[in-house]
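Participant: mmCIF, C-alpha atoms, file upload.cif:
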```
data_my_file
loop_
_atom_site.group_PDB
_atom_site.id
_atom_site.type_symbol
_atom_site.label_atom_id
_atom_site.label_comp_id
_atom_site.auth_asym_id
_atom_site.auth_seq_id
_atom_site.Cartn_x
_atom_site.Cartn_y
_atom_site.Cartn_z
ATOM 1 C CA MET A 197 -96.423 82.811 109.137
ATOM 2 C CA LYS A 198 -95.726 79.177 108.257
ATOM 3 C CA ALA A 199 -96.002 77.941 104.690
ATOM 4 C CA GLY A 200 -99.002 75.760 105.573
ATOM 5 C CA GLN A 201 -100.841 78.687 107.147
ATOM 6 C CA LYS A 202 -100.098 80.888 104.139
ATOM 7 C CA TYR A 203 -101.517 78.193 101.868
ATOM 8 C CA LEU A 204 -104.712 77.885 103.944
ATOM 9 C CA LEU A 205 -105.135 81.671 104.017
ATOM 10 C CA PHE A 206 -104.647 81.899 100.253
ATOM 11 C CA HIS A 207 -107.098 79.042 99.700
ATOM 12 C CA HIS A 208 -109.690 80.761 101.942
ATOM 13 C CA VAL A 209 -109.323 84.063 100.094
ATOM 14 C CA VAL A 210 -109.692 82.398 96.679
ATOM 15 C CA LEU A 211 -112.840 80.535 97.769
ATOM 16 C CA SER A 212 -114.284 83.732 99.249
ATOM 17 C CA VAL A 213 -113.714 85.629 96.022
ATOM 18 C CA ILE A 214 -115.284 82.842 93.956
ATOM 19 C CA PHE A 215 -118.298 82.705 96.286
ATOM 20 C CA LEU A 216 -118.815 86.449 96.236
ATOM 21 C CA CYS A 217 -118.519 86.652 92.456
ATOM 22 C CA GLN A 218 -120.914 83.777 91.864
ATOM 23 C CA GLY A 219 -123.439 85.122 94.368
ATOM 24 C CA HIS A 220 -123.246 88.591 92.898
ATOM 25 C CA ASN A 221 -123.750 87.359 89.364
ATOM 26 C CA LEU A 222 -126.983 85.623 90.302
ATOM 27 C CA TYR A 223 -128.742 88.959 89.993
ATOM 28 C CA PHE A 224 -126.376 91.004 87.826
ATOM 29 C CA SER A 225 -124.630 89.513 84.831
ATOM 30 C CA ASP A 226 -122.353 91.032 82.227
ATOM 31 C CA GLN A 227 -121.485 87.608 80.844
ATOM 32 C CA GLY A 228 -122.417 87.079 77.213
ATOM 33 C CA LYS A 229 -123.076 83.359 77.562
ATOM 34 C CA LEU A 230 -126.356 82.033 78.930
ATOM 35 C CA VAL A 231 -126.341 78.746 80.842
ATOM 36 C CA LEU A 232 -129.831 77.598 81.792
ATOM 37 C CA PRO A 233 -130.529 75.094 84.571
ATOM 38 C CA GLY A 234 -131.553 71.717 83.195
ATOM 39 C CA SER A 235 -134.952 71.913 84.885
ATOM 40 C CA TYR A 236 -135.725 75.445 83.700
ATOM 41 C CA ASN A 237 -139.045 75.914 81.916
ATOM 42 C CA ILE A 238 -138.540 78.538 79.176
ATOM 43 C CA PRO A 239 -142.258 79.188 78.379
ATOM 44 C CA TRP A 240 -143.178 80.622 81.787
ATOM 45 C CA MET A 241 -146.276 82.389 80.464
ATOM 46 C CA ALA A 242 -147.890 79.000 79.910
ATOM 47 C CA GLY A 243 -148.650 79.008 83.637
ATOM 48 C CA ILE A 244 -150.749 82.182 83.439
ATOM 49 C CA GLU A 245 -154.502 81.742 82.966
ATOM 50 C CA ASP A 246 -155.895 82.884 79.611
ATOM 51 C CA PHE A 247 -158.363 85.275 81.265
ATOM 52 C CA ARG A 248 -155.661 87.312 83.053
ATOM 53 C CA ILE A 249 -155.476 90.864 81.673
ATOM 54 C CA LEU A 250 -152.048 91.676 80.244
ATOM 55 C CA SER A 251 -151.754 94.805 82.407
ATOM 56 C CA LEU A 252 -152.072 92.603 85.520
ATOM 57 C CA ILE A 253 -148.875 90.696 84.761
ATOM 58 C CA THR A 254 -145.424 91.628 86.058
ATOM 59 C CA ILE A 255 -143.096 91.306 83.071
ATOM 60 C CA PRO A 256 -139.290 91.189 83.067
ATOM 61 C CA GLY A 257 -137.770 93.332 80.337
ATOM 62 C CA THR A 258 -134.521 94.887 79.252
ATOM 63 C CA HIS A 259 -133.725 98.561 78.764
ATOM 64 C CA GLU A 260 -132.004 99.260 75.430
ATOM 65 C CA SER A 261 -132.385 95.569 74.681
ATOM 66 C CA MET A 262 -129.957 95.485 71.748
ATOM 67 C CA ALA A 263 -127.291 97.808 73.226
ATOM 68 C CA LEU A 264 -124.396 95.341 73.177
ATOM 69 C CA TYR A 265 -121.963 97.588 71.315
ATOM 70 C CA GLY A 266 -120.413 101.033 71.610
ATOM 71 C CA GLY A 267 -118.199 100.869 74.699
ATOM 72 C CA PRO A 268 -118.873 101.217 78.456
ATOM 73 C CA GLU A 269 -121.069 104.311 78.186
ATOM 74 C CA ALA A 270 -123.335 102.764 75.537
ATOM 75 C CA GLU A 271 -123.560 99.073 76.438
ATOM 76 C CA CYS A 272 -126.592 98.095 78.533
ATOM 77 C CA GLN A 273 -126.852 94.349 77.893
ATOM 78 C CA ALA A 274 -124.533 91.369 77.546
ATOM 79 C CA LEU A 275 -126.901 88.643 76.330
ATOM 80 C CA SER A 276 -127.991 88.319 72.726
ATOM 81 C CA LEU A 277 -131.666 88.841 71.944
ATOM 82 C CA LYS A 278 -132.198 85.105 71.540
ATOM 83 C CA ASP A 279 -130.663 84.398 74.959
ATOM 84 C CA GLN A 280 -132.629 87.202 76.626
ATOM 85 C CA LEU A 281 -135.867 85.602 75.449
ATOM 86 C CA ARG A 282 -134.783 82.144 76.580
ATOM 87 C CA ALA A 283 -133.847 83.532 80.006
ATOM 88 C CA GLY A 284 -137.410 84.848 80.455
ATOM 89 C CA ILE A 285 -137.322 88.420 79.130
ATOM 90 C CA ARG A 286 -140.686 89.331 77.552
ATOM 91 C CA PHE A 287 -140.327 93.071 76.951
ATOM 92 C CA LEU A 288 -137.922 94.654 74.475
ATOM 93 C CA ASP A 289 -136.936 98.315 74.430
ATOM 94 C CA LEU A 290 -135.636 99.420 71.023
ATOM 95 C CA LYS A 291 -134.530 102.640 69.364
ATOM 96 C CA VAL A 292 -134.610 102.665 65.578
ATOM 97 C CA PHE A 293 -133.394 104.957 62.842
ATOM 98 C CA GLY A 294 -135.124 104.865 59.465
ATOM 99 C CA LEU A 295 -132.918 105.162 56.409
ATOM 100 C CA GLY A 296 -134.269 104.325 52.996
ATOM 101 C CA ASN A 297 -136.525 101.323 53.435
ATOM 102 C CA THR A 298 -134.687 99.957 56.472
ATOM 103 C CA LEU A 299 -135.056 100.472 60.207
ATOM 104 C CA TYR A 300 -131.681 100.194 61.925
ATOM 105 C CA VAL A 301 -131.475 99.430 65.651
ATOM 106 C CA MET A 302 -129.508 102.150 67.415
ATOM 107 C CA HIS A 303 -128.408 103.369 70.824
ATOM 108 C CA GLY A 304 -127.794 107.058 70.397
ATOM 109 C CA ILE A 305 -125.411 107.304 67.450
ATOM 110 C CA MET A 306 -124.234 103.718 67.920
ATOM 111 C CA TYR A 307 -125.500 101.175 65.404
ATOM 112 C CA GLN A 308 -126.259 97.906 67.197
ATOM 113 C CA HIS A 309 -125.409 95.563 64.324
ATOM 114 C CA SER A 310 -129.024 94.697 63.622
ATOM 115 C CA THR A 311 -132.058 95.854 61.694
ATOM 116 C CA PHE A 312 -135.562 95.837 63.124
ATOM 117 C CA LYS A 313 -136.530 93.176 60.580
ATOM 118 C CA GLU A 314 -133.827 90.917 62.013
ATOM 119 C CA VAL A 315 -135.215 91.541 65.504
ATOM 120 C CA LEU A 316 -138.702 90.574 64.310
ATOM 121 C CA ASP A 317 -137.333 87.394 62.708
ATOM 122 C CA ILE A 318 -135.689 86.320 65.985
ATOM 123 C CA VAL A 319 -138.822 87.058 68.035
ATOM 124 C CA ARG A 320 -141.063 85.264 65.528
ATOM 125 C CA ALA A 321 -138.812 82.189 65.617
ATOM 126 C CA PHE A 322 -138.960 82.184 69.415
ATOM 127 C CA LEU A 323 -142.757 82.488 69.458
ATOM 128 C CA SER A 324 -143.059 79.738 66.874
ATOM 129 C CA GLU A 325 -141.088 77.469 69.201
ATOM 130 C CA PHE A 326 -142.942 78.634 72.322
ATOM 131 C CA PRO A 327 -146.493 79.642 71.253
ATOM 132 C CA SER A 328 -147.701 80.118 74.843
ATOM 133 C CA GLU A 329 -145.540 83.250 75.135
ATOM 134 C CA ALA A 330 -146.016 86.885 74.125
ATOM 135 C CA VAL A 331 -143.257 89.424 73.521
ATOM 136 C CA LEU A 332 -143.944 93.105 74.087
ATOM 137 C CA ILE A 333 -141.991 95.674 72.063
ATOM 138 C CA ARG A 334 -141.540 99.385 72.563
ATOM 139 C CA LEU A 335 -140.108 101.254 69.580
ATOM 140 C CA GLN A 336 -138.600 104.708 69.956
ATOM 141 C CA PRO A 337 -137.959 106.390 66.599
ATOM 142 C CA GLU A 338 -134.637 108.221 66.329
ATOM 143 C CA SER A 339 -135.248 109.445 62.777
ATOM 144 C CA PHE A 340 -135.728 113.108 61.940
ATOM 145 C CA GLU A 341 -139.084 112.234 60.376
ATOM 146 C CA LYS A 342 -140.336 110.093 63.226
ATOM 147 C CA ASN A 343 -143.834 109.573 61.838
ATOM 148 C CA THR A 344 -142.422 107.585 58.929
ATOM 149 C CA VAL A 345 -141.380 104.845 61.386
ATOM 150 C CA ASN A 346 -145.055 103.948 61.910
ATOM 151 C CA GLN A 347 -145.450 103.433 58.163
ATOM 152 C CA MET A 348 -142.260 101.390 57.912
ATOM 153 C CA VAL A 349 -143.329 99.118 60.770
ATOM 154 C CA GLN A 350 -146.782 98.640 59.212
ATOM 155 C CA SER A 351 -145.055 97.679 55.988
ATOM 156 C CA LEU A 352 -142.902 95.118 57.814
ATOM 157 C CA ILE A 353 -145.745 93.433 59.683
ATOM 158 C CA GLY A 354 -148.366 93.627 56.919
ATOM 159 C CA ASN A 355 -151.469 91.666 57.919
ATOM 160 C CA ASP A 356 -149.604 89.290 60.206
ATOM 161 C CA GLN A 357 -152.191 87.820 62.571
ATOM 162 C CA HIS A 358 -149.449 87.096 65.095
ATOM 163 C CA VAL A 359 -148.879 90.790 65.803
ATOM 164 C CA TRP A 360 -151.073 92.789 68.208
ATOM 165 C CA VAL A 361 -151.478 96.362 66.956
ATOM 166 C CA ASN A 362 -154.764 97.334 68.668
ATOM 167 C CA SER A 363 -154.915 99.905 71.447
ATOM 168 C CA GLY A 364 -157.354 97.830 73.514
ATOM 169 C CA MET A 365 -156.022 95.839 76.480
ATOM 170 C CA PRO A 366 -156.086 92.087 75.723
ATOM 171 C CA ASN A 367 -156.037 89.142 78.069
ATOM 172 C CA ILE A 368 -153.093 86.774 77.883
ATOM 173 C CA GLY A 369 -155.095 84.227 75.870
ATOM 174 C CA GLN A 370 -155.550 86.762 73.053
ATOM 175 C CA VAL A 371 -151.829 87.457 72.649
ATOM 176 C CA ARG A 372 -150.230 84.048 73.039
ATOM 177 C CA GLY A 373 -147.761 83.474 70.241
ATOM 178 C CA LYS A 374 -147.848 87.165 69.306
ATOM 179 C CA ILE A 375 -145.667 90.231 69.197
ATOM 180 C CA VAL A 376 -147.412 93.012 71.135
ATOM 181 C CA PHE A 377 -146.543 96.582 70.218
ATOM 182 C CA LEU A 378 -146.705 99.347 72.808
ATOM 183 C CA GLN A 379 -147.398 102.922 71.743
ATOM 184 C CA LYS A 380 -145.891 106.053 73.206
ATOM 185 C CA SER A 381 -145.329 109.542 71.823
ATOM 186 C CA THR A 382 -144.867 109.520 68.019
ATOM 187 C CA PHE A 383 -145.061 105.721 67.766
ATOM 188 C CA THR A 384 -148.797 105.067 67.605
ATOM 189 C CA ILE A 385 -149.132 101.312 67.055
ATOM 190 C CA GLY A 386 -150.352 99.095 69.883
ATOM 191 C CA ILE A 387 -151.311 99.347 73.556
ATOM 192 C CA PRO A 388 -150.742 102.684 75.341
ATOM 193 C CA LEU A 389 -147.628 102.686 77.514
ATOM 194 C CA ILE A 390 -147.113 104.716 80.684
ATOM 195 C CA GLU A 391 -143.510 105.355 81.654
ATOM 196 C CA THR A 392 -143.271 105.793 85.431
ATOM 197 C CA SER A 393 -139.948 107.629 85.214
ATOM 198 C CA GLY A 394 -141.677 110.721 83.808
ATOM 199 C CA LYS A 395 -139.013 113.373 83.239
ATOM 200 C CA ASP A 396 -136.369 111.292 85.031
ATOM 201 C CA LYS A 397 -133.668 110.725 82.392
ATOM 202 C CA GLY A 398 -132.009 107.939 84.356
ATOM 203 C CA GLU A 399 -129.001 110.036 85.384
ATOM 204 C CA VAL A 400 -127.339 108.604 88.480
ATOM 205 C CA SER A 401 -124.810 110.253 90.758
ATOM 206 C CA ASP A 402 -125.923 108.420 93.905
ATOM 207 C CA VAL A 403 -127.107 104.796 93.743
ATOM 208 C CA LYS A 404 -129.116 104.999 96.967
ATOM 209 C CA ASP A 405 -131.097 107.861 95.452
ATOM 210 C CA LYS A 406 -131.680 105.706 92.364
ATOM 211 C CA ASP A 407 -133.016 102.907 94.579
ATOM 212 C CA ASN A 408 -135.482 105.306 96.191
ATOM 213 C CA ARG A 409 -136.637 106.548 92.791
ATOM 214 C CA ILE A 410 -137.245 102.964 91.680
ATOM 215 C CA ILE A 411 -139.368 102.280 94.769
ATOM 216 C CA LYS A 412 -141.497 105.343 94.052
ATOM 217 C CA GLN A 413 -141.897 104.388 90.382
ATOM 218 C CA LEU A 414 -142.801 100.756 91.131
ATOM 219 C CA ASN A 415 -145.457 101.937 93.581
ATOM 220 C CA GLN A 416 -146.809 104.192 90.842
ATOM 221 C CA ALA A 417 -146.776 101.311 88.355
ATOM 222 C CA SER A 418 -148.753 99.127 90.742
ATOM 223 C CA GLY A 419 -151.564 101.656 90.643
ATOM 224 C CA PHE A 420 -151.971 101.200 86.893
ATOM 225 C CA CYS A 421 -152.230 97.397 87.017
ATOM 226 C CA GLY A 422 -155.455 96.057 85.565
ATOM 227 C CA GLY A 423 -156.152 99.266 83.645
ATOM 228 C CA ASP A 424 -156.187 100.213 79.976
ATOM 229 C CA ASN A 425 -152.478 101.120 79.902
ATOM 230 C CA ILE A 426 -149.330 99.121 80.562
ATOM 231 C CA ALA A 427 -146.959 100.696 83.060
ATOM 232 C CA MET A 428 -143.202 100.398 82.694
ATOM 233 C CA THR A 429 -140.375 101.211 85.097
ATOM 234 C CA TYR A 430 -136.740 101.579 84.042
ATOM 235 C CA THR A 431 -134.329 100.421 86.755
ATOM 236 C CA SER A 432 -131.384 101.381 84.544
ATOM 237 C CA GLY A 433 -129.206 104.431 84.886
ATOM 238 C CA THR A 434 -125.907 106.088 84.036
ATOM 239 C CA GLY A 435 -123.770 108.781 85.580
ATOM 240 C CA PHE A 436 -122.800 110.101 82.168
ATOM 241 C CA GLY A 437 -123.700 113.788 82.065
ATOM 242 C CA THR A 438 -123.358 114.293 85.829
ATOM 243 C CA PHE A 439 -120.292 115.470 87.759
ATOM 244 C CA TRP A 440 -120.367 113.153 90.767
ATOM 245 C CA GLY A 441 -121.407 110.104 88.755
ATOM 246 C CA MET A 442 -119.208 110.618 85.707
ATOM 247 C CA PHE A 443 -117.652 107.160 86.110
ATOM 248 C CA MET A 444 -120.972 105.390 86.714
ATOM 249 C CA THR A 445 -121.501 103.481 83.478
ATOM 250 C CA PRO A 446 -124.746 101.532 82.906
ATOM 251 C CA ARG A 447 -122.825 98.383 83.879
ATOM 252 C CA ARG A 448 -121.612 99.847 87.168
ATOM 253 C CA VAL A 449 -125.055 101.162 88.068
ATOM 254 C CA ALA A 450 -126.673 97.786 87.306
ATOM 255 C CA GLU A 451 -123.955 95.993 89.282
ATOM 256 C CA ARG A 452 -125.243 97.717 92.411
ATOM 257 C CA VAL A 453 -128.948 98.162 91.581
ATOM 258 C CA ASP A 454 -129.746 94.639 90.355
ATOM 259 C CA PRO A 455 -128.903 92.754 93.609
ATOM 260 C CA TRP A 456 -130.774 95.414 95.598
ATOM 261 C CA LEU A 457 -133.784 95.163 93.257
ATOM 262 C CA ASN A 458 -133.886 91.398 93.700
ATOM 263 C CA GLN A 459 -133.986 91.769 97.483
ATOM 264 C CA TYR A 460 -136.597 94.514 97.301
ATOM 265 C CA LEU A 461 -138.964 92.494 95.093
ATOM 266 C CA ARG A 462 -138.616 89.310 97.105
ATOM 267 C CA GLN A 463 -140.019 91.017 100.209
ATOM 268 C CA TYR A 464 -143.415 90.808 98.488
ATOM 269 C CA TYR A 465 -143.337 87.011 98.140
ATOM 270 C CA PRO A 466 -145.319 86.405 101.379
ATOM 271 C CA ASN A 467 -148.144 88.643 100.096
ATOM 272 C CA ARG A 468 -151.325 86.939 98.909
ATOM 273 C CA PRO A 469 -151.814 87.967 96.192
ATOM 274 C CA ARG A 470 -148.404 89.274 95.255
ATOM 275 C CA PRO A 471 -148.454 92.797 93.792
ATOM 276 C CA CYS A 472 -148.288 93.605 90.096
ATOM 277 C CA PHE A 473 -145.612 96.030 88.887
ATOM 278 C CA GLY A 474 -146.166 95.991 85.114
ATOM 279 C CA ILE A 475 -142.981 95.954 83.035
ATOM 280 C CA ILE A 476 -139.635 96.169 84.829
ATOM 281 C CA ALA A 477 -136.943 97.069 82.273
ATOM 282 C CA MET A 478 -133.406 96.369 83.489
ATOM 283 C CA ASP A 479 -129.758 96.621 82.467
ATOM 284 C CA PHE A 480 -127.584 93.485 82.706
ATOM 285 C CA PRO A 481 -130.152 91.418 84.658
ATOM 286 C CA GLY A 482 -128.873 88.104 85.963
ATOM 287 C CA PHE A 483 -130.894 84.941 85.471
ATOM 288 C CA ASP A 484 -132.044 84.804 89.102
ATOM 289 C CA LEU A 485 -133.244 88.422 89.038
ATOM 290 C CA ILE A 486 -135.323 87.652 85.934
ATOM 291 C CA GLN A 487 -136.841 84.678 87.777
ATOM 292 C CA THR A 488 -137.600 86.848 90.804
ATOM 293 C CA VAL A 489 -139.633 89.182 88.589
ATOM 294 C CA ILE A 490 -141.433 86.262 86.923
ATOM 295 C CA ASN A 491 -142.283 84.671 90.263
ATOM 296 C CA LEU A 492 -144.243 87.729 91.346
ATOM 297 C CA ASN A 493 -146.974 86.309 89.089
ATOM 298 C CA TRP A 494 -147.433 83.146 91.184
ATOM 299 C CA TRP A 495 -149.150 82.860 94.545
#
```
What would you get if you wrote out this structure as structure tokens?

Facilitator:
Amino acid sequence: MKAGQKYLLFHHVVLSVIFLCQGHNLYFSDQGKLVLPGSYNIPWMAGIEDFRILSLITIPGTHESMALYGGPEAECQALSLKDQLRAGIRFLDLKVFGLGNTLYVMHGIMYQHSTFKEVLDIVRAFLSEFPSEAVLIRLQPESFEKNTVNQMVQSLIGNDQHVWVNSGMPNIGQVRGKIVFLQKSTFTIGIPLIETSGKDKGEVSDVKDKDNRIIKQLNQASGFCGGDNIAMTYTSGTGFGTFWGMFMTPRRVAERVDPWLNQYLRQYYPNRPRPCFGIIAMDFPGFDLIQTVINLNWW
């Protein structure tokens, strides 16, 4: 092979790799730096009519939203909380451990370098800047005395009028500029949450099987739209704890699931109206995948 041909072949391979990597990262991203398009409108909820019931909105969220530390088996996100919100995420999934008077954000035994108060401060600052938005929060107590977490959260929020703690389903106009708590199990503050995964612990040994489970769960979630509960589907998963999927970290699962999820959701774009799927909580979602979820709300 001549030198010129070798150069052209090398150039073609390099361009192909760059193209594939960029295309892939549109929907999956493990990059810790957010770059927003200049024309991007951060407060996307401003386009939703005030009378729309919150349970009728499809909401992009993150699973284990603060899990940025702890190694491959523990890390589920790359973007900081501030960047997640700016990219369009409006649901946060948090595990907390109460010690003394402080709630620490955890993932398993891994401390995620933040307290729940610090999370609230970041969300409040975001909502102050973008008062048309609402941020939904699910708290899962990891403490031995889980009921004390309710008391600690009540102490943190006090009588803040910008926090929704009622169990009744609001319309979007009632929660603009507010943190909206979701209740499940021992955490009893806020709107009732239905988790479509049921007893599914998110263990993955075969990604195709995971895709099929997600389809089933999204169909289930659609049936709850407009009701008195908010449905949530986790698209995340890990092979940890299984034999065949022992090397499937949350990052590797998301690397394959996120592009597929984007394609699956976009098939509904021609529908009028487009379906509602409640909260979709993801690992390592790329910016374009987040926008695909958001755009299910427009028709």

Participant: Care to translate the PyMOL selection byres ((chain A and resi 334) around 7) into actual residues of this file, as a ChimeraX atom specification?

Facilitator: /A:288-290,332-333,335-336,377-379

Participant: Limited to C-alpha atoms, could you put the picked residues into a file as a PDB file, keeping the file's coordinate frame?

Facilitator:
```
ATOM      1  CA  LEU A 288    -137.922  94.654  74.475  1.00  0.00           C
ATOM      2  CA  ASP A 289    -136.936  98.315  74.430  1.00  0.00           C
ATOM      3  CA  LEU A 290    -135.636  99.420  71.023  1.00  0.00           C
ATOM      4  CA  LEU A 332    -143.944  93.105  74.087  1.00  0.00           C
ATOM      5  CA  ILE A 333    -141.991  95.674  72.063  1.00  0.00           C
ATOM      6  CA  LEU A 335    -140.108 101.254  69.580  1.00  0.00           C
ATOM      7  CA  GLN A 336    -138.600 104.708  69.956  1.00  0.00           C
ATOM      8  CA  PHE A 377    -146.543  96.582  70.218  1.00  0.00           C
ATOM      9  CA  LEU A 378    -146.705  99.347  72.808  1.00  0.00           C
ATOM     10  CA  GLN A 379    -147.398 102.922  71.743  1.00  0.00           C
TER      11      GLN A 379
END
```

Participant: Evaluate the PyMOL selection byres ((chain A and resi 255) around 6) on the structure here and hand back the selected residues as JSON, numbers by chain.

Facilitator: {"A": [254, 256, 474, 475]}

Participant: Take the residues that were just selected and, keeping C-alpha atoms, output them as an mmCIF file, keeping the file's coordinate frame.

Facilitator:
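Result went into again-v4.cif, see below:
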```cif
data_model
loop_
_atom_site.group_PDB
_atom_site.id
_atom_site.type_symbol
_atom_site.label_atom_id
_atom_site.label_comp_id
_atom_site.auth_asym_id
_atom_site.auth_seq_id
_atom_site.Cartn_x
_atom_site.Cartn_y
_atom_site.Cartn_z
ATOM 1 C CA THR A 254 -145.424 91.628 86.058
ATOM 2 C CA PRO A 256 -139.290 91.189 83.067
ATOM 3 C CA GLY A 474 -146.166 95.991 85.114
ATOM 4 C CA ILE A 475 -142.981 95.954 83.035
#
```

Participant: Mind checking which residues fall within 8 Å of Leu414 (chain A), counting all atoms listed in the file, ignoring those fewer than 2 positions away in the same chain, and posting them as a PyMOL selection string?

Facilitator: chain A and resi 392+410-412+416-418+429+473

Participant: Counting only C-alpha atoms, figure out which residue out of A:Asp484, A:Glu245, A:Glu325, A:Asp226 gets nearest to Ser276 (chain A).

Facilitator: A:Asp226

Participant: Written as a PyMOL selection string, what is the full residue list that the PyMOL selection byres ((chain A and resi 447-450) around 8) yields on the file shown?

Facilitator: chain A and resi 224+226+268+271-272+400+403+432-434+444-446+451-454+478-481

Participant: Give me, please, the distance in Å between CA of Pro471 (chain A) and CA of Thr488 (chain A), quoted to one decimal.

Facilitator: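 So the answer is 12.7 Å.
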
Participant: State, in Å with one decimal place, the distance from CA of Gln463 (chain A) to CA of Leu492 (chain A).

Facilitator: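 Calculated distance between CA of Gln463 (chain A) and CA of Leu492 (chain A) is 10.4 Å.
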
Participant: Any idea what the distance is between CA of Leu389 (chain A) and CA of Ile426 (chain A)?

Facilitator: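 Separating CA of Leu389 (chain A) from CA of Ile426 (chain A) is a distance of 5.0 Å.
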
Participant: For each of A:Arg462, A:Arg320, A:Lys374, A:Arg286, take the minimum atom-to-atom distance to Thr258 (chain A), counting all atoms listed in the file, then give the residue where this is smallest.

Facilitator: A:Arg286

Participant: Might you pull out every residue within 12 Å of Leu295 (chain A), with all atoms listed in the file counted and same-chain residues fewer than 5 positions away left off, and present them as a list of chain:residue names?

Facilitator: A:Tyr300, A:Val301, A:Met302, A:Thr311, A:Phe312, A:Pro337, A:Glu338, A:Ser339, A:Phe340, A:Glu341, A:Lys342, A:Thr344, A:Val345, A:Met348

Participant: Return the single residue from A:Ala477, A:Pro233, A:Ile353, A:Pro366 that is closest to Glu260 (chain A), with distances computed using only C-alpha atoms.

Facilitator: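 Counting only C-alpha atoms, the residue closest to Glu260 (chain A) is A:Ala477.
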
Participant: Closest to Leu222 (chain A) among A:Asn362, A:Gln459, A:Asn425, A:Asn493, using only C-alpha atoms?

Facilitator: A:Gln459

Participant: So which residues are close to (-159.4, 91.5, 81.8), meaning at most 7 Å away in the file's coordinates with only C-alpha atoms counted, and can you show them as a ChimeraX atom specification?

Facilitator: /A:247-249,366-367

Participant: Residues near Asn343 (chain A), anyone? I mean within 9 Å using all atoms listed in the file, not counting same-chain ones fewer than 5 positions away, as a PyMOL selection string.

Facilitator: chain A and resi 337+382-384

Participant: Can you spit out the residues from that selection as a tab-separated table (two decimals), in the coordinates of the input, using C-alpha atoms?

Facilitator:
```tsv
chain	number	residue	atom	x	y	z
A	337	PRO	CA	-137.96	106.39	66.60
A	382	THR	CA	-144.87	109.52	68.02
A	383	PHE	CA	-145.06	105.72	67.77
A	384	THR	CA	-148.80	105.07	67.60
```

Participant: Would you mind telling me which residue in A:Gly423, A:Gly482, A:Gly266, A:Gly373 lies nearest to Ile285 (chain A) when using only C-alpha atoms?

Facilitator: A:Gly482

Participant: Which one of A:Ser261, A:Gln280, A:Thr431, A:Gln273 sits closest to Trp456 (chain A) if you count only C-alpha atoms?

Facilitator: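 Closest to Trp456 (chain A), using only C-alpha atoms: A:Thr431.
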
Participant: Return as AutoDock Vina command-line options the centre and edge lengths, in Å with one decimal, of the box along x, y and z that encloses every atom of region 404-418 of chain A in the file, padded by 5 Å per side.

Facilitator:
```
--center_x -138.9 --center_y 103.5 --center_z 92.7 --size_x 29.6 --size_y 18.7 --size_z 18.6
```
